[in-house]
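> This is entry-v7.csv (CSV, C-alpha atoms and all ligand atoms).
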chain,number,residue,atom,x,y,z
B,19,MET,CA,0.0,0.0,0.0
B,20,ASP,CA,1.2,3.5,-0.9
B,21,LYS,CA,1.4,5.1,2.6
B,22,GLU,CA,2.3,8.7,1.5
B,23,VAL,CA,-0.5,11.1,0.4
B,24,ASN,CA,-0.2,14.6,-1.1
B,25,ILE,CA,-3.1,17.0,-0.6
B,26,LEU,CA,-3.4,20.2,-2.5
B,27,GLY,CA,-5.0,23.0,-0.4
B,28,GLY,CA,-4.7,23.5,3.3
B,29,GLY,CA,-8.2,24.8,4.1
B,30,ILE,CA,-10.7,22.9,6.2
B,31,SER,CA,-11.4,20.0,3.8
B,32,GLY,CA,-7.7,19.5,3.1
B,33,LEU,CA,-6.7,19.6,6.8
B,34,ALA,CA,-9.6,17.4,7.8
B,35,CYS,CA,-8.5,14.8,5.3
B,36,ALA,CA,-4.9,15.1,6.4
B,37,ILE,CA,-5.8,14.6,10.1
B,38,ILE,CA,-7.9,11.5,9.4
B,39,LEU,CA,-5.2,9.9,7.2
B,40,ARG,CA,-2.4,10.8,9.6
B,41,LYS,CA,-4.3,9.2,12.5
B,42,ASN,CA,-4.5,6.1,10.4
B,43,GLY,CA,-0.8,5.8,9.9
B,44,TYR,CA,-0.3,7.7,6.6
B,45,LYS,CA,2.5,10.2,5.9
B,46,VAL,CA,0.7,13.3,4.7
B,47,ASN,CA,2.0,16.3,2.9
B,48,VAL,CA,-0.3,19.4,2.4
B,49,PHE,CA,0.6,22.0,-0.1
B,50,GLU,CA,-1.0,25.4,0.6
B,51,LYS,CA,-0.5,28.3,-1.7
B,52,HIS,CA,-0.9,31.0,0.9
B,53,SER,CA,1.4,31.7,3.9
B,54,SER,CA,-1.3,30.6,6.3
B,55,THR,CA,-4.4,28.5,6.4
B,56,GLY,CA,-7.7,30.5,6.7
B,57,SER,CA,-6.4,33.5,4.8
B,58,ARG,CA,-9.5,33.5,2.6
B,59,PHE,CA,-11.5,34.6,5.7
B,60,ASN,CA,-11.4,37.4,8.2
B,61,ASN,CA,-12.1,35.9,11.6
B,62,ASP,CA,-15.8,36.4,10.7
B,63,TRP,CA,-18.6,34.2,12.2
B,64,GLN,CA,-19.9,31.4,10.1
B,65,SER,CA,-22.3,28.7,11.1
B,66,ILE,CA,-22.2,25.0,10.7
B,67,GLU,CA,-25.6,23.6,10.1
B,68,ASN,CA,-26.9,20.8,12.2
B,69,TRP,CA,-30.0,19.6,10.4
B,70,SER,CA,-28.9,17.8,7.2
B,71,GLU,CA,-27.8,14.6,9.0
B,72,LYS,CA,-29.3,12.6,11.8
B,73,ILE,CA,-26.0,12.7,13.7
B,74,ASP,CA,-24.9,15.9,15.5
B,75,PHE,CA,-22.1,17.6,13.6
B,76,LEU,CA,-19.6,17.6,16.5
B,77,LYS,CA,-20.2,13.9,17.1
B,78,GLN,CA,-19.9,13.2,13.4
B,79,ILE,CA,-16.4,14.8,13.1
B,80,GLU,CA,-15.3,13.1,16.3
B,81,SER,CA,-16.3,9.8,14.8
B,82,TYR,CA,-14.0,10.6,11.9
B,83,GLY,CA,-11.1,11.1,14.4
B,84,ILE,CA,-11.1,14.9,14.4
B,85,ASP,CA,-10.8,16.6,17.8
B,86,VAL,CA,-13.3,19.3,18.7
B,87,SER,CA,-10.5,21.5,19.9
B,88,PHE,CA,-11.9,24.6,18.2
B,89,ALA,CA,-14.0,27.3,19.8
B,90,TYR,CA,-17.7,27.1,18.9
B,91,GLU,CA,-21.0,28.4,20.1
B,92,PRO,CA,-24.2,26.3,19.8
B,93,LEU,CA,-27.0,28.4,18.5
B,94,SER,CA,-30.6,27.4,19.5
B,95,GLU,CA,-32.4,30.7,18.8
B,96,LEU,CA,-32.4,32.9,15.7
B,97,GLN,CA,-34.5,36.0,14.9
B,98,ILE,CA,-35.7,35.8,11.3
B,99,HIS,CA,-37.0,38.9,9.5
B,100,TYR,CA,-38.9,39.8,6.4
B,101,SER,CA,-40.0,43.4,5.6
B,102,ASN,CA,-39.8,44.6,9.3
B,103,LYS,CA,-41.7,41.5,10.5
B,104,ILE,CA,-39.7,39.4,13.0
B,105,LYS,CA,-40.1,36.0,14.6
B,106,THR,CA,-37.9,33.9,16.9
B,107,LEU,CA,-37.1,30.4,15.6
B,108,ARG,CA,-36.1,27.9,18.2
B,109,GLY,CA,-34.3,24.5,17.8
B,110,LYS,CA,-31.8,23.0,20.1
B,111,ASN,CA,-28.2,23.3,18.6
B,112,ALA,CA,-29.6,24.1,15.2
B,113,CYS,CA,-26.1,25.2,14.2
B,114,TYR,CA,-22.7,25.9,15.6
B,115,LEU,CA,-21.1,29.3,15.3
B,116,VAL,CA,-17.4,29.1,14.5
B,117,LYS,CA,-14.9,31.8,13.5
B,118,ARG,CA,-13.1,31.5,10.2
B,119,GLY,CA,-9.7,33.0,9.4
B,120,ILE,CA,-6.2,33.2,10.8
B,121,GLY,CA,-7.0,34.1,14.4
B,122,LYS,CA,-6.0,31.6,17.0
B,123,ASP,CA,-9.6,30.9,18.0
B,124,CYS,CA,-10.6,30.2,14.4
B,125,LEU,CA,-11.6,26.8,13.1
B,126,ASP,CA,-9.0,26.9,10.4
B,127,ILE,CA,-6.1,27.5,12.8
B,128,SER,CA,-7.4,24.9,15.2
B,129,LEU,CA,-7.4,22.3,12.5
B,130,LEU,CA,-3.9,23.4,11.4
B,131,GLU,CA,-2.6,23.0,15.0
B,132,GLN,CA,-4.1,19.6,15.2
B,133,ALA,CA,-2.6,18.5,11.9
B,134,LYS,CA,0.8,19.9,12.9
B,135,GLU,CA,0.8,18.1,16.2
B,136,LEU,CA,0.0,14.8,14.5
B,137,GLY,CA,3.0,15.4,12.2
B,138,VAL,CA,1.3,16.4,9.0
B,139,ASN,CA,3.9,18.0,6.8
B,140,ILE,CA,2.4,21.4,5.7
B,141,LYS,CA,4.2,23.4,3.0
B,142,PHE,CA,3.0,27.0,2.9
B,143,GLY,CA,3.5,29.3,0.0
B,144,SER,CA,3.7,26.3,-2.2
B,145,LYS,CA,3.1,26.7,-5.9
B,146,LEU,CA,3.1,23.1,-6.6
B,147,ASP,CA,4.2,21.7,-9.9
B,148,ARG,CA,1.4,19.3,-10.8
B,149,SER,CA,3.9,16.7,-11.9
B,150,VAL,CA,3.9,15.8,-8.1
B,151,PRO,CA,1.2,13.2,-7.7
B,152,ILE,CA,-1.7,14.7,-5.8
B,153,LYS,CA,-4.3,12.3,-4.3
B,154,VAL,CA,-6.7,14.9,-2.9
B,155,ASN,CA,-7.6,18.3,-4.5
B,156,ALA,CA,-8.9,20.5,-1.7
B,157,THR,CA,-8.4,23.9,-3.3
B,158,GLY,CA,-11.7,25.5,-2.5
B,159,PRO,CA,-14.2,27.3,-4.9
B,160,LYS,CA,-13.1,28.1,-8.4
B,161,LYS,CA,-16.3,30.0,-9.3
B,162,GLY,CA,-19.2,31.4,-7.4
B,163,ASN,CA,-23.0,30.9,-7.5
B,164,MET,CA,-23.4,32.8,-4.2
B,165,PHE,CA,-21.4,36.0,-3.3
B,166,VAL,CA,-21.0,37.3,0.3
B,167,LYS,CA,-20.1,40.9,1.3
B,168,GLY,CA,-19.8,41.8,5.0
B,169,ILE,CA,-18.1,43.6,7.9
B,170,LYS,CA,-16.4,41.9,10.9
B,171,PHE,CA,-16.4,44.3,13.9
B,172,SER,CA,-15.9,44.6,17.6
B,173,THR,CA,-18.9,45.5,19.6
B,174,SER,CA,-20.3,46.2,23.0
B,175,CYS,CA,-23.7,44.8,22.0
B,176,LYS,CA,-25.1,41.7,23.6
B,177,ASN,CA,-25.1,38.3,21.9
B,178,ASP,CA,-27.7,38.4,19.2
B,179,TYR,CA,-28.4,36.3,16.0
B,180,HIS,CA,-30.5,37.5,13.1
B,181,MET,CA,-31.2,36.5,9.5
B,182,ALA,CA,-33.3,38.6,7.1
B,183,PHE,CA,-34.8,38.1,3.7
B,184,GLY,CA,-35.5,40.7,1.0
B,185,GLU,CA,-34.8,41.5,-2.6
B,186,GLU,CA,-33.1,44.8,-1.6
B,187,ILE,CA,-30.9,43.5,1.1
B,188,ALA,CA,-29.8,40.1,-0.3
B,189,LYS,CA,-31.2,39.2,-3.7
B,190,GLY,CA,-31.5,35.4,-4.0
B,191,PHE,CA,-30.2,34.6,-0.5
B,192,TYR,CA,-30.3,36.4,2.9
B,193,SER,CA,-28.5,38.9,5.2
B,194,TYR,CA,-27.2,38.0,8.6
B,195,LEU,CA,-26.1,39.7,11.8
B,196,LEU,CA,-24.3,37.5,14.3
B,197,ILE,CA,-23.0,39.0,17.6
B,198,ASN,CA,-21.2,36.8,20.1
B,199,GLY,CA,-18.8,37.6,22.9
B,200,GLY,CA,-18.1,41.2,21.6
B,201,ASP,CA,-17.4,40.0,18.0
B,202,GLY,CA,-19.9,40.9,15.3
B,203,THR,CA,-20.4,39.9,11.7
B,204,ILE,CA,-22.9,41.6,9.4
B,205,ALA,CA,-23.1,40.3,5.9
B,206,THR,CA,-25.3,39.9,2.8
B,207,ALA,CA,-25.3,36.8,0.7
B,208,PHE,CA,-26.6,37.2,-2.8
B,209,ASN,CA,-26.8,35.7,-6.2
B,210,SER,CA,-23.6,36.0,-8.3
B,211,ARG,CA,-25.6,37.5,-11.2
B,212,VAL,CA,-26.0,40.7,-9.1
B,213,ALA,CA,-22.5,40.9,-7.8
B,214,HIS,CA,-22.2,44.5,-9.0
B,215,ARG,CA,-24.8,45.5,-6.3
B,216,SER,CA,-22.7,44.1,-3.4
B,217,GLU,CA,-22.1,47.5,-1.7
B,218,GLU,CA,-25.8,48.5,-2.0
B,219,PHE,CA,-26.9,45.2,-0.5
B,220,LEU,CA,-24.5,45.6,2.4
B,221,GLN,CA,-25.6,49.2,3.1
B,222,ASN,CA,-29.2,48.1,2.9
B,223,SER,CA,-28.5,45.3,5.4
B,224,ILE,CA,-26.8,47.7,7.8
B,225,ASN,CA,-29.8,50.0,7.6
B,226,TYR,CA,-32.1,47.0,8.1
B,227,PHE,CA,-30.3,45.8,11.2
B,228,SER,CA,-29.6,49.3,12.6
B,229,ASP,CA,-31.8,48.7,15.7
B,230,TYR,CA,-29.6,45.8,16.7
B,231,LEU,CA,-26.1,47.3,16.3
B,232,ASN,CA,-24.1,50.5,17.0
B,233,GLU,CA,-23.3,51.7,13.5
B,234,ASN,CA,-20.3,53.7,14.9
B,235,GLU,CA,-18.6,50.4,15.7
B,236,LEU,CA,-18.8,49.3,12.1
B,237,SER,CA,-16.4,52.1,10.9
B,238,ASP,CA,-13.5,50.4,12.8
B,239,GLY,CA,-14.5,47.0,11.4
B,240,LYS,CA,-13.0,45.1,8.5
B,241,LYS,CA,-14.8,44.6,5.3
B,242,PHE,CA,-14.7,41.2,3.7
B,243,GLY,CA,-16.1,39.4,0.6
B,244,GLY,CA,-16.1,35.9,-0.8
B,245,TYR,CA,-18.0,33.4,-2.9
B,246,ALA,CA,-19.3,29.9,-2.7
B,247,HIS,CA,-19.4,27.2,-5.4
B,248,PHE,CA,-22.3,24.7,-5.7
B,249,GLU,CA,-22.2,22.1,-8.5
B,250,ILE,CA,-23.4,18.6,-8.9
B,251,MET,CA,-20.5,17.1,-10.9
B,252,LYS,CA,-20.4,14.1,-13.2
B,253,SER,CA,-17.2,12.9,-11.7
B,254,TYR,CA,-15.5,13.8,-8.4
B,255,TYR,CA,-12.0,13.5,-9.8
B,256,ASP,CA,-10.0,16.3,-11.3
B,257,GLU,CA,-8.2,16.1,-14.7
B,258,THR,CA,-5.1,14.5,-12.9
B,259,GLY,CA,-7.2,11.9,-11.1
B,260,ALA,CA,-7.1,13.6,-7.7
B,261,MET,CA,-10.3,13.4,-5.6
B,262,LEU,CA,-12.1,16.7,-5.4
B,263,VAL,CA,-13.2,17.5,-1.8
B,264,GLY,CA,-14.9,20.5,-0.3
B,265,GLU,CA,-15.9,23.4,-2.6
B,266,ALA,CA,-13.3,22.3,-5.2
B,267,GLY,CA,-15.8,19.5,-5.8
B,268,GLY,CA,-18.8,21.9,-5.7
B,269,PHE,CA,-19.9,20.5,-2.3
B,270,GLN,CA,-22.2,23.2,-1.0
B,271,ASP,CA,-25.7,23.7,0.1
B,272,TYR,CA,-27.4,25.5,-2.8
B,273,LEU,CA,-30.2,27.0,-0.7
B,274,TRP,CA,-28.3,28.6,2.1
B,275,GLY,CA,-24.6,28.3,1.3
B,276,PHE,CA,-23.6,26.1,4.2
B,277,GLY,CA,-20.5,24.4,2.8
B,278,MET,CA,-18.5,23.6,5.9
B,279,ARG,CA,-20.3,20.3,6.8
B,280,TYR,CA,-19.8,19.1,3.3
B,281,ALA,CA,-16.1,20.0,3.5
B,282,PHE,CA,-15.6,17.6,6.5
B,283,GLN,CA,-17.8,14.9,5.0
B,284,SER,CA,-16.2,14.9,1.6
B,285,ALA,CA,-12.8,14.9,3.3
B,286,TYR,CA,-13.8,11.9,5.3
B,287,PHE,CA,-15.0,10.0,2.2
B,288,ALA,CA,-11.7,10.8,0.4
B,289,ALA,CA,-9.7,9.5,3.3
B,290,ARG,CA,-11.9,6.4,3.5
B,291,SER,CA,-11.4,5.8,-0.2
B,292,ILE,CA,-7.6,5.9,0.2
B,293,MET,CA,-7.6,3.8,3.4
B,294,ASN,CA,-10.1,1.1,2.2
B,295,ASN,CA,-9.6,1.3,-1.5
B,296,GLU,CA,-13.3,2.2,-2.0
B,297,SER,CA,-14.5,4.2,-5.0
B,298,TYR,CA,-14.7,7.9,-4.0
B,299,ASP,CA,-17.4,8.5,-6.6
B,300,ASP,CA,-19.6,5.7,-5.2
B,301,LEU,CA,-19.1,7.0,-1.6
B,302,ILE,CA,-20.2,10.4,-2.7
B,303,LYS,CA,-23.1,9.2,-4.7
B,304,LYS,CA,-24.3,7.0,-1.8
B,305,ASN,CA,-23.8,9.5,1.0
B,306,LEU,CA,-23.9,13.1,-0.2
B,307,LEU,CA,-25.6,13.3,-3.5
B,308,LYS,CA,-29.1,13.0,-2.1
B,309,LYS,CA,-28.9,16.0,0.1
B,310,MET,CA,-27.2,18.0,-2.6
B,311,LYS,CA,-30.0,17.2,-5.0
B,312,HIS,CA,-32.5,18.2,-2.4
B,313,SER,CA,-30.7,21.5,-1.9
B,314,ASN,CA,-30.7,22.0,-5.7
B,315,ARG,CA,-34.5,21.3,-5.7
B,316,ASN,CA,-35.0,23.8,-2.8
B,317,ARG,CA,-33.1,26.4,-4.7
B,318,PHE,CA,-35.1,25.8,-7.9
B,319,ILE,CA,-38.3,26.3,-5.9
B,320,PHE,CA,-36.9,29.4,-4.2
B,321,GLU,CA,-35.9,31.0,-7.6
B,322,ALA,CA,-39.1,30.0,-9.3
B,323,LEU,CA,-41.1,31.9,-6.8
B,324,GLY,CA,-39.2,35.2,-7.7
B,325,SER,CA,-39.8,38.0,-5.2
B,326,LEU,CA,-42.5,35.9,-3.5
B,327,ALA,CA,-39.7,33.5,-2.3
B,328,TYR,CA,-38.8,35.9,0.6
B,329,PRO,CA,-42.2,36.1,2.3
B,330,PHE,CA,-42.8,32.4,1.5
B,331,VAL,CA,-39.7,31.3,3.3
B,332,TYR,CA,-40.3,33.7,6.2
B,333,TYR,CA,-43.9,32.5,6.8
B,334,LEU,CA,-43.0,28.9,6.2
B,335,PHE,CA,-40.5,29.0,9.1
B,336,ALA,CA,-41.9,31.7,11.3
B,337,TYR,CA,-45.2,30.0,11.8
B,338,ASN,CA,-43.8,26.5,12.1
B,339,LYS,CA,-43.7,25.1,15.6
B,340,LYS,CA,-40.7,22.9,14.8
B,341,PRO,CA,-38.6,24.8,12.3
B,342,LEU,CA,-35.6,22.4,12.8
B,343,ARG,CA,-37.8,19.5,12.0
B,344,LEU,CA,-38.9,21.3,8.8
B,345,LEU,CA,-35.2,21.7,7.8
B,346,ASN,CA,-34.6,18.0,8.5
B,347,ILE,CA,-37.5,17.2,6.1
B,348,ILE,CA,-36.4,19.4,3.3
B,349,TYR,CA,-32.8,18.0,3.3
B,350,ARG,CA,-33.1,14.3,4.1
Q,401,LIG,C1,-17.9,34.9,3.4
Q,401,LIG,C2,-18.3,33.5,3.4
Q,401,LIG,C3,-19.2,33.1,4.4
Q,401,LIG,C4,-19.6,31.7,4.5
Q,401,LIG,N1,-20.4,31.3,5.5
Q,401,LIG,C5,-20.6,30.0,5.6
Q,401,LIG,C6,-21.4,29.6,6.7
Q,401,LIG,O1,-22.0,30.3,7.5
Q,401,LIG,N2,-21.6,28.2,6.9
Q,401,LIG,C7,-21.0,27.3,6.0
Q,401,LIG,O2,-21.2,26.1,6.3
Q,401,LIG,N3,-20.3,27.7,5.0
Q,401,LIG,C8,-20.1,29.0,4.8
Q,401,LIG,N4,-19.3,29.4,3.7
Q,401,LIG,C9,-18.7,28.4,2.9
Q,401,LIG,C10,-17.5,27.7,3.6
Q,401,LIG,O3,-16.6,28.7,4.1
Q,401,LIG,C11,-16.8,26.8,2.6
Q,401,LIG,O4,-17.8,25.9,2.1
Q,401,LIG,C12,-15.6,26.0,3.1
Q,401,LIG,O5,-14.6,26.9,3.6
Q,401,LIG,C13,-15.0,25.2,2.0
Q,401,LIG,O6,-13.9,24.5,2.5
Q,401,LIG,P1,-12.8,24.1,1.5
Q,401,LIG,O7,-11.7,23.3,2.3
Q,401,LIG,O8,-13.4,23.5,0.3
Q,401,LIG,O9,-12.2,25.5,1.0
Q,401,LIG,P2,-11.2,26.5,1.7
Q,401,LIG,O10,-11.5,26.5,3.2
Q,401,LIG,O11,-11.4,27.8,1.0
Q,401,LIG,O12,-9.8,26.0,1.5
Q,401,LIG,C14,-9.2,25.9,0.2
Q,401,LIG,C15,-7.7,26.1,0.4
Q,401,LIG,O13,-7.0,25.8,-0.8
Q,401,LIG,C16,-6.0,26.7,-1.0
Q,401,LIG,N5,-5.6,26.7,-2.4
Q,401,LIG,C17,-6.4,27.1,-3.5
Q,401,LIG,N6,-5.8,26.9,-4.6
Q,401,LIG,C18,-4.6,26.3,-4.3
Q,401,LIG,C19,-3.5,25.8,-5.1
Q,401,LIG,N7,-3.5,25.8,-6.4
Q,401,LIG,N8,-2.5,25.2,-4.5
Q,401,LIG,C20,-2.4,25.2,-3.1
Q,401,LIG,N9,-3.4,25.6,-2.3
Q,401,LIG,C21,-4.5,26.1,-2.9
Q,401,LIG,C22,-6.6,28.0,-0.5
Q,401,LIG,O14,-5.6,29.0,-0.3
Q,401,LIG,C23,-7.3,27.6,0.7
Q,401,LIG,O15,-6.5,27.6,1.9
Q,401,LIG,C24,-19.0,30.8,3.6
Q,401,LIG,C25,-18.1,31.2,2.6
Q,401,LIG,C26,-17.8,32.6,2.5
Q,401,LIG,C27,-16.9,33.0,1.4
Would you mind writing the file out in structure tokens?

Amino acid sequence: MDKEVNILGGGISGLACAIILRKNGYKVNVFEKHSSTGSRFNNDWQSIENWSEKIDFLKQIESYGIDVSFAYEPLSELQIHYSNKIKTLRGKNACYLVKRGIGKDCLDISLLEQAKELGVNIKFGSKLDRSVPIKVNATGPKKGNMFVKGIKFSTSCKNDYHMAFGEEIAKGFYSYLLINGGDGTIATAFNSRVAHRSEEFLQNSINYFSDYLNENELSDGKKFGGYAHFEIMKSYYDETGAMLVGEAGGFQDYLWGFGMRYAFQSAYFAARSIMNNESYDDLIKKNLLKKMKHSNRNRFIFEALGSLAYPFVYYLFAYNKKPLRLLNIIYR
């Protein structure tokens, strides 16, 4: 058995795969083009969904052999908004807030430390010549269906979690305001077709959430942007035969843009394929494709409804006694 594995990309999917393989006795080299992991992000809050699988996310990654050594905050209450209407959604541990970026309390850095401690060989600033055989391609999104524009800021406001729908604040997706422990993130996620309106959506989102934040605090904040790639591929191997994991493989949730859970899951299946000589394509088709297809269907419905989609989603969730159960149903 070839016990040395090269992974291209040292983001969350590449590092998760590296950790699993290393714990199973493989020598692992990770080639990361930037000088640090997490440099695509800005220590902003992101949330890991906890509804698309029966198993709790934290238990799931522990079952893969990944330590939950990163800071997280379980979120069981969320205010949802549409057109100045507001409702509180409740669902135990509906998602886990994590920070993304190069800060020491970020998920990315925590995975990096874990990988380093295990002896994974990480080569930063590495412009790899593809003649080196790569088994796993974990290079993140190459195009974007969803764009995000936001501000990460320090705040004296209390912990508070909001999500808002509306054509003028987040066309095609939603805006969010997440405040936890003095760190705030306000952002708008919108369809890539209207990328040129990013500043307008961000400003409209700030105006919308103005009752819940101190706008003066935003001026010292740091603006960020990014994109996410959803695609159901015909094959989950790249042109050199490397397995595509995370967003490099289009693993995303097309309705909301929650890609982190997929990053861990696809990384696990790639590691399993290497360790057990199982077909990666088959593992993906058996375990991940169904919920990706469901998220694709959910997006199709959302887009088909046009501007009615925002009130539709708001009323669907706001007046449901078990919103988490509803999410379980539309994904599984
Ligand atoms: C602003 C924003 C907010 C988001 N919010 C959420 C959220 O709330 N919840 C959620 O679940 N998901 C969210 N997502 C999506 C989530 O962040 C991604 O799905 C996840 O990070 C994908 O992990 P990955 O390992 O595939 O990619 P990444 O974490 O991006 O890692 C890819 C790595 O590969 C490296 N790389 C790229 N090309 C090369 C190369 N040629 N050679 C070497 N290295 C290379 C990159 O530098 C990077 O370090 C958000 C995305 C954005 C942009």
> List as CSV every residue of chain B that is in contact with ligand LIG 401 (chain Q), defined as an atom at most 8 Å from one of its atoms (using all atoms listed in the file), together with the nearest atom pair and the distance in Å rounded to one decimal, sorted by chain and then rising number.

residue,atom,partner,partner_atom,distance
B:Leu26,CA,Q:LIG401,C20,5.1
B:Gly27,CA,Q:LIG401,O13,3.5
B:Gly28,CA,Q:LIG401,O15,4.7
B:Gly29,CA,Q:LIG401,O12,3.3
B:Ile30,CA,Q:LIG401,O7,4.0
B:Ser31,CA,Q:LIG401,O7,3.6
B:Gly32,CA,Q:LIG401,O7,5.6
B:Leu33,CA,Q:LIG401,O7,7.7
B:Phe49,CA,Q:LIG401,C20,5.3
B:Glu50,CA,Q:LIG401,N9,3.8
B:Lys51,CA,Q:LIG401,C20,3.9
B:His52,CA,Q:LIG401,O14,5.2
B:Ser54,CA,Q:LIG401,O15,7.4
B:Thr55,CA,Q:LIG401,O15,5.0
B:Gly56,CA,Q:LIG401,O15,5.7
B:Ser57,CA,Q:LIG401,O15,6.6
B:Arg58,CA,Q:LIG401,O11,6.2
B:Phe59,CA,Q:LIG401,C1,6.8
B:Asp62,CA,Q:LIG401,C1,7.7
B:Trp63,CA,Q:LIG401,O1,7.0
B:Gln64,CA,Q:LIG401,O1,3.5
B:Ser65,CA,Q:LIG401,O1,4.0
B:Ile66,CA,Q:LIG401,O2,4.6
B:Glu67,CA,Q:LIG401,O2,6.3
B:Leu115,CA,Q:LIG401,O1,7.9
B:Arg118,CA,Q:LIG401,O3,7.6
B:Asp126,CA,Q:LIG401,O10,7.6
B:Gly143,CA,Q:LIG401,C20,7.8
B:Ser144,CA,Q:LIG401,C20,6.3
B:Lys145,CA,Q:LIG401,N8,6.0
B:Leu146,CA,Q:LIG401,N8,6.3
B:Ala156,CA,Q:LIG401,O7,5.6
B:Thr157,CA,Q:LIG401,O13,3.4
B:Gly158,CA,Q:LIG401,O9,3.5
B:Pro159,CA,Q:LIG401,O9,6.5
B:Phe165,CA,Q:LIG401,C27,7.2
B:Val166,CA,Q:LIG401,C1,5.0
B:Lys167,CA,Q:LIG401,C1,6.7
B:Gly168,CA,Q:LIG401,C1,7.3
B:Ala205,CA,Q:LIG401,C1,7.9
B:Phe242,CA,Q:LIG401,C1,7.1
B:Gly243,CA,Q:LIG401,C1,5.6
B:Gly244,CA,Q:LIG401,C27,3.7
B:Tyr245,CA,Q:LIG401,C27,4.5
B:Ala246,CA,Q:LIG401,C25,5.6
B:His247,CA,Q:LIG401,O4,7.8
B:Val263,CA,Q:LIG401,O8,6.4
B:Gly264,CA,Q:LIG401,O8,3.4
B:Glu265,CA,Q:LIG401,O8,3.8
B:Ala266,CA,Q:LIG401,O8,5.6
B:Gly267,CA,Q:LIG401,O8,7.7
B:Phe269,CA,Q:LIG401,O4,7.3
B:Gln270,CA,Q:LIG401,O4,6.0
B:Gly275,CA,Q:LIG401,N3,5.7
B:Phe276,CA,Q:LIG401,O2,3.2
B:Gly277,CA,Q:LIG401,O4,3.2
B:Met278,CA,Q:LIG401,O2,3.7
B:Arg279,CA,Q:LIG401,O2,5.9
B:Tyr280,CA,Q:LIG401,O4,7.2
B:Ala281,CA,Q:LIG401,O6,5.1
> Write to file, as a CSV table (one decimal), keeping the file's coordinate frame, the residues of the selection just made, with C-alpha atoms.

chain,number,residue,atom,x,y,z
B,26,LEU,CA,-3.4,20.2,-2.5
B,27,GLY,CA,-5.0,23.0,-0.4
B,28,GLY,CA,-4.7,23.5,3.3
B,29,GLY,CA,-8.2,24.8,4.1
B,30,ILE,CA,-10.7,22.9,6.2
B,31,SER,CA,-11.4,20.0,3.8
B,32,GLY,CA,-7.7,19.5,3.1
B,33,LEU,CA,-6.7,19.6,6.8
B,49,PHE,CA,0.6,22.0,-0.1
B,50,GLU,CA,-1.0,25.4,0.6
B,51,LYS,CA,-0.5,28.3,-1.7
B,52,HIS,CA,-0.9,31.0,0.9
B,54,SER,CA,-1.3,30.6,6.3
B,55,THR,CA,-4.4,28.5,6.4
B,56,GLY,CA,-7.7,30.5,6.7
B,57,SER,CA,-6.4,33.5,4.8
B,58,ARG,CA,-9.5,33.5,2.6
B,59,PHE,CA,-11.5,34.6,5.7
B,62,ASP,CA,-15.8,36.4,10.7
B,63,TRP,CA,-18.6,34.2,12.2
B,64,GLN,CA,-19.9,31.4,10.1
B,65,SER,CA,-22.3,28.7,11.1
B,66,ILE,CA,-22.2,25.0,10.7
B,67,GLU,CA,-25.6,23.6,10.1
B,115,LEU,CA,-21.1,29.3,15.3
B,118,ARG,CA,-13.1,31.5,10.2
B,126,ASP,CA,-9.0,26.9,10.4
B,143,GLY,CA,3.5,29.3,0.0
B,144,SER,CA,3.7,26.3,-2.2
B,145,LYS,CA,3.1,26.7,-5.9
B,146,LEU,CA,3.1,23.1,-6.6
B,156,ALA,CA,-8.9,20.5,-1.7
B,157,THR,CA,-8.4,23.9,-3.3
B,158,GLY,CA,-11.7,25.5,-2.5
B,159,PRO,CA,-14.2,27.3,-4.9
B,165,PHE,CA,-21.4,36.0,-3.3
B,166,VAL,CA,-21.0,37.3,0.3
B,167,LYS,CA,-20.1,40.9,1.3
B,168,GLY,CA,-19.8,41.8,5.0
B,205,ALA,CA,-23.1,40.3,5.9
B,242,PHE,CA,-14.7,41.2,3.7
B,243,GLY,CA,-16.1,39.4,0.6
B,244,GLY,CA,-16.1,35.9,-0.8
B,245,TYR,CA,-18.0,33.4,-2.9
B,246,ALA,CA,-19.3,29.9,-2.7
B,247,HIS,CA,-19.4,27.2,-5.4
B,263,VAL,CA,-13.2,17.5,-1.8
B,264,GLY,CA,-14.9,20.5,-0.3
B,265,GLU,CA,-15.9,23.4,-2.6
B,266,ALA,CA,-13.3,22.3,-5.2
B,267,GLY,CA,-15.8,19.5,-5.8
B,269,PHE,CA,-19.9,20.5,-2.3
B,270,GLN,CA,-22.2,23.2,-1.0
B,275,GLY,CA,-24.6,28.3,1.3
B,276,PHE,CA,-23.6,26.1,4.2
B,277,GLY,CA,-20.5,24.4,2.8
B,278,MET,CA,-18.5,23.6,5.9
B,279,ARG,CA,-20.3,20.3,6.8
B,280,TYR,CA,-19.8,19.1,3.3
B,281,ALA,CA,-16.1,20.0,3.5
> Between atom CA of B:Leu93 and atom CA of B:Arg108, what distance in Å does the model show, to one decimal?
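Computing the Euclidean distance for atom CA of B:Leu93 and atom CA of B:Arg108 yields 9.1 Å.
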> Can you measure atom CA of B:Tyr226 to atom CA of B:Ser325 for me? One decimal in Å is fine.
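The value is 17.8 Å.
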> Find the residues near B:Ile302: any atom within 12 Å, counting all atoms listed in the file, skip ones fewer than 2 places away on the same chain, and give them as number ranges by chain.
B: 250-255, 261-264, 267-269, 280, 283-288, 290-291, 296-300, 304-310
> My list of candidates is B:Ile347, B:Ala89, B:Glu95, B:Gln221. Which is closest to B:Ile127 when distances are computed with only C-alpha atoms?
B:Ala89
> For a cutoff of 8 Å around the file-coordinate point (-16.9, 40.1, 23.5), which residues qualify once you count all atoms listed in the file? I'd like the result as a VMD selection string.
chain B and resid 172 to 174 198 to 201
> Could you work out how far atom CA of B:Asn60 lies from atom CA of B:Arg40, giving the answer in Å with one decimal?
28.1 Å
> Hey, what's within 7 Å of B:Lys170 if we count all atoms listed in the file and toss same-chain stuff fewer than 2 positions away? As a list in words, please?
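Here the answer would be Asp62, Gly168, Gly202, Thr203, Ile204, Gly239, Lys240 and Lys241 of chain B.
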